[in-house]
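Report on the following structure.
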Amino acid sequence: MTLPAWLRFLELSLLAGWLAWRLYSGGRANHAEAALPFLAAGASIAQLLLEAQAATDPFTPLTQVLPVVLGSVYGGLSLAVAAVALAAAFAGRVRAVPSACVLLVCAAVSSSVAADAASAAASSGELAMSPTLSVPRSALTIQNPYANDPASAERGRAIYQQYCQTCHGLNGDGNGPAAAGLRIRPATFRNPQHFLAPGMDGAHFWVVQYGDGRQGGMPAWQGTLTDAQMWDVVNYVKVLAGGRPTASSGSSPPGGSARPQ
Ligand code: HEC
């Protein structure tokens, strides 16, 4: 059993124990018993965080994944379980038996859909890049035909300056002149862990091809750029992220030392 599955088991046992205690203790309030819903709330939160982390690649920060997982049935129910359990633990007047019943049902349902929400995303579904952008995991297997080719990145520089820089900024920091007018903040490319990780070339090629499908977000470039041009620009993005400098990057290194604009 995985750690989140153990936590789910613990959480359901705690809630069932709490319900049984209340039913058989003749309704007398007891300070010690508040510990049970409190622990169940903790188990629910811990499980949610672990599932959220499992739902994406190890390079995407939890803060980006969490909104996606919270938006799923599993995430919503887990949060509800934690909130109601904390309320029951701290507000003495909340009636224990009905809230324990509600919590048990919510926790059981959320456990049974956890597989769809997070685990499915981890194994076959989508890779969350941001709250508004996810990429099919299959994109991770697309091979970069110009990997480690400085000439490709160098061609990509011109394409970047023509098509991408207005939003993503000269140095890829996400602060181009057009960024302020967008509804979604352009991604920063100054994140070597994310952009240089194995397999991410394919994911970024996919993003450049299809965009995020949102108004005021990342446009789709398929149709405007050829596949070769899209690979070139992906390779240049890797240079901006802190990869090898291109063969003829000359006087304006795109990485660390250059100033925006
Ligand atoms: C109109 C503004 C705009 C232009 C032009 C633009 N982008 Fe984007 N781009 C965005 C926004 C906004 C996002 C964040 C999308 C999201 O999170 O939903 C983004 C995200 C990305 C990402 C995903 C980064 C990640 O988190 O993994 C890549 C890669 C990318 N853009 C590459 C490019 C390239 C290459 C070009 C030029 C061919 C380009 N973009 C042009 C706005 C733009």
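All residue names refer to the structure tokens as shown: chains lettered A, B, ... in order, residues numbered from 1 in each chain, ligands numbered from 1 in order.
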Task: 10 Å contact set for segment 95-104 of chain A, only C-alpha atoms, chain neighbours under 3 positions out, as a PyMOL selection string - done: chain A and resi 11-23+27+29+34+37+40-41+77-78+80-85+87-89+91-92+107-110
TODO: Pick out each residue of segment 24-210 of chain A that DSSP on the backbone tags as strand (DSSP E); I need them as JSON, numbers by chain.
DONE: {"A": [126, 127, 128, 129, 130, 133, 134, 135, 136]}
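Between ligand 1 and the residues A:Met200, A:Leu133, A:Ile142, A:Ala153, the shortest atom-to-atom distance, using only C-alpha atoms and all ligand atoms, involves A:Leu133.
With only C-alpha atoms and all ligand atoms as the basis for measurement, A:Cys164 is the residue among A:Cys164, A:Leu50, A:Leu225, A:Ala197 that approaches ligand 1 most closely.
Put simply, atom 29 (C, counted along the ligand's line) of ligand 1 is 25.2 Å away from atom CA of Glu51 of chain A.
The spacing separating atom CA of Val237 of chain A from atom 30 (C, counted along the ligand's line) of ligand 1 amounts to 8.1 Å.
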- [ ] Tell me, in Å to one decimal, how far atom CA of Arg137 of chain A is from atom CA of Ala220 of chain A.
- [x] 18.3 Å
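Using only C-alpha atoms and all ligand atoms, the smallest distance between any of A:Val68, A:Met129, A:Leu170, A:Leu7 and ligand 1 comes from A:Met129.
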Task: Shell around Asp201 of chain A at 7 Å using only C-alpha atoms, local window under 2 positions removed, as JSON, numbers by chain - done: {"A": [144, 199, 203, 204, 205, 234]}
Just to be explicit: take each residue in the selection above, keep N, CA and C atoms, and write the result as a CSV table (one decimal), in the first residue's frame.
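Dumped to part03.csv:
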```csv
chain,number,residue,atom,x,y,z
A,144,ASN,N,13.4,15.1,-29.2
A,144,ASN,CA,13.9,16.4,-29.8
A,144,ASN,C,14.9,16.1,-30.9
A,199,GLY,N,13.1,14.7,-20.7
A,199,GLY,CA,11.7,14.5,-21.2
A,199,GLY,C,10.9,15.8,-21.4
A,203,ALA,N,7.5,18.0,-23.8
A,203,ALA,CA,6.3,18.7,-23.2
A,203,ALA,C,6.3,20.1,-23.6
A,204,HIS,N,7.5,20.7,-23.7
A,204,HIS,CA,7.5,22.2,-24.1
A,204,HIS,C,7.2,22.3,-25.6
A,205,PHE,N,7.6,21.3,-26.4
A,205,PHE,CA,7.3,21.4,-27.8
A,205,PHE,C,5.7,21.3,-27.9
A,234,VAL,N,12.3,25.9,-28.9
A,234,VAL,CA,12.3,25.1,-27.6
A,234,VAL,C,13.8,25.0,-27.2
```
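For the set A:Leu240, A:Leu36, A:Ile159, A:Leu62, the residue with the smallest atom-to-atom gap to ligand 1 is A:Ile159, counting only C-alpha atoms and all ligand atoms.
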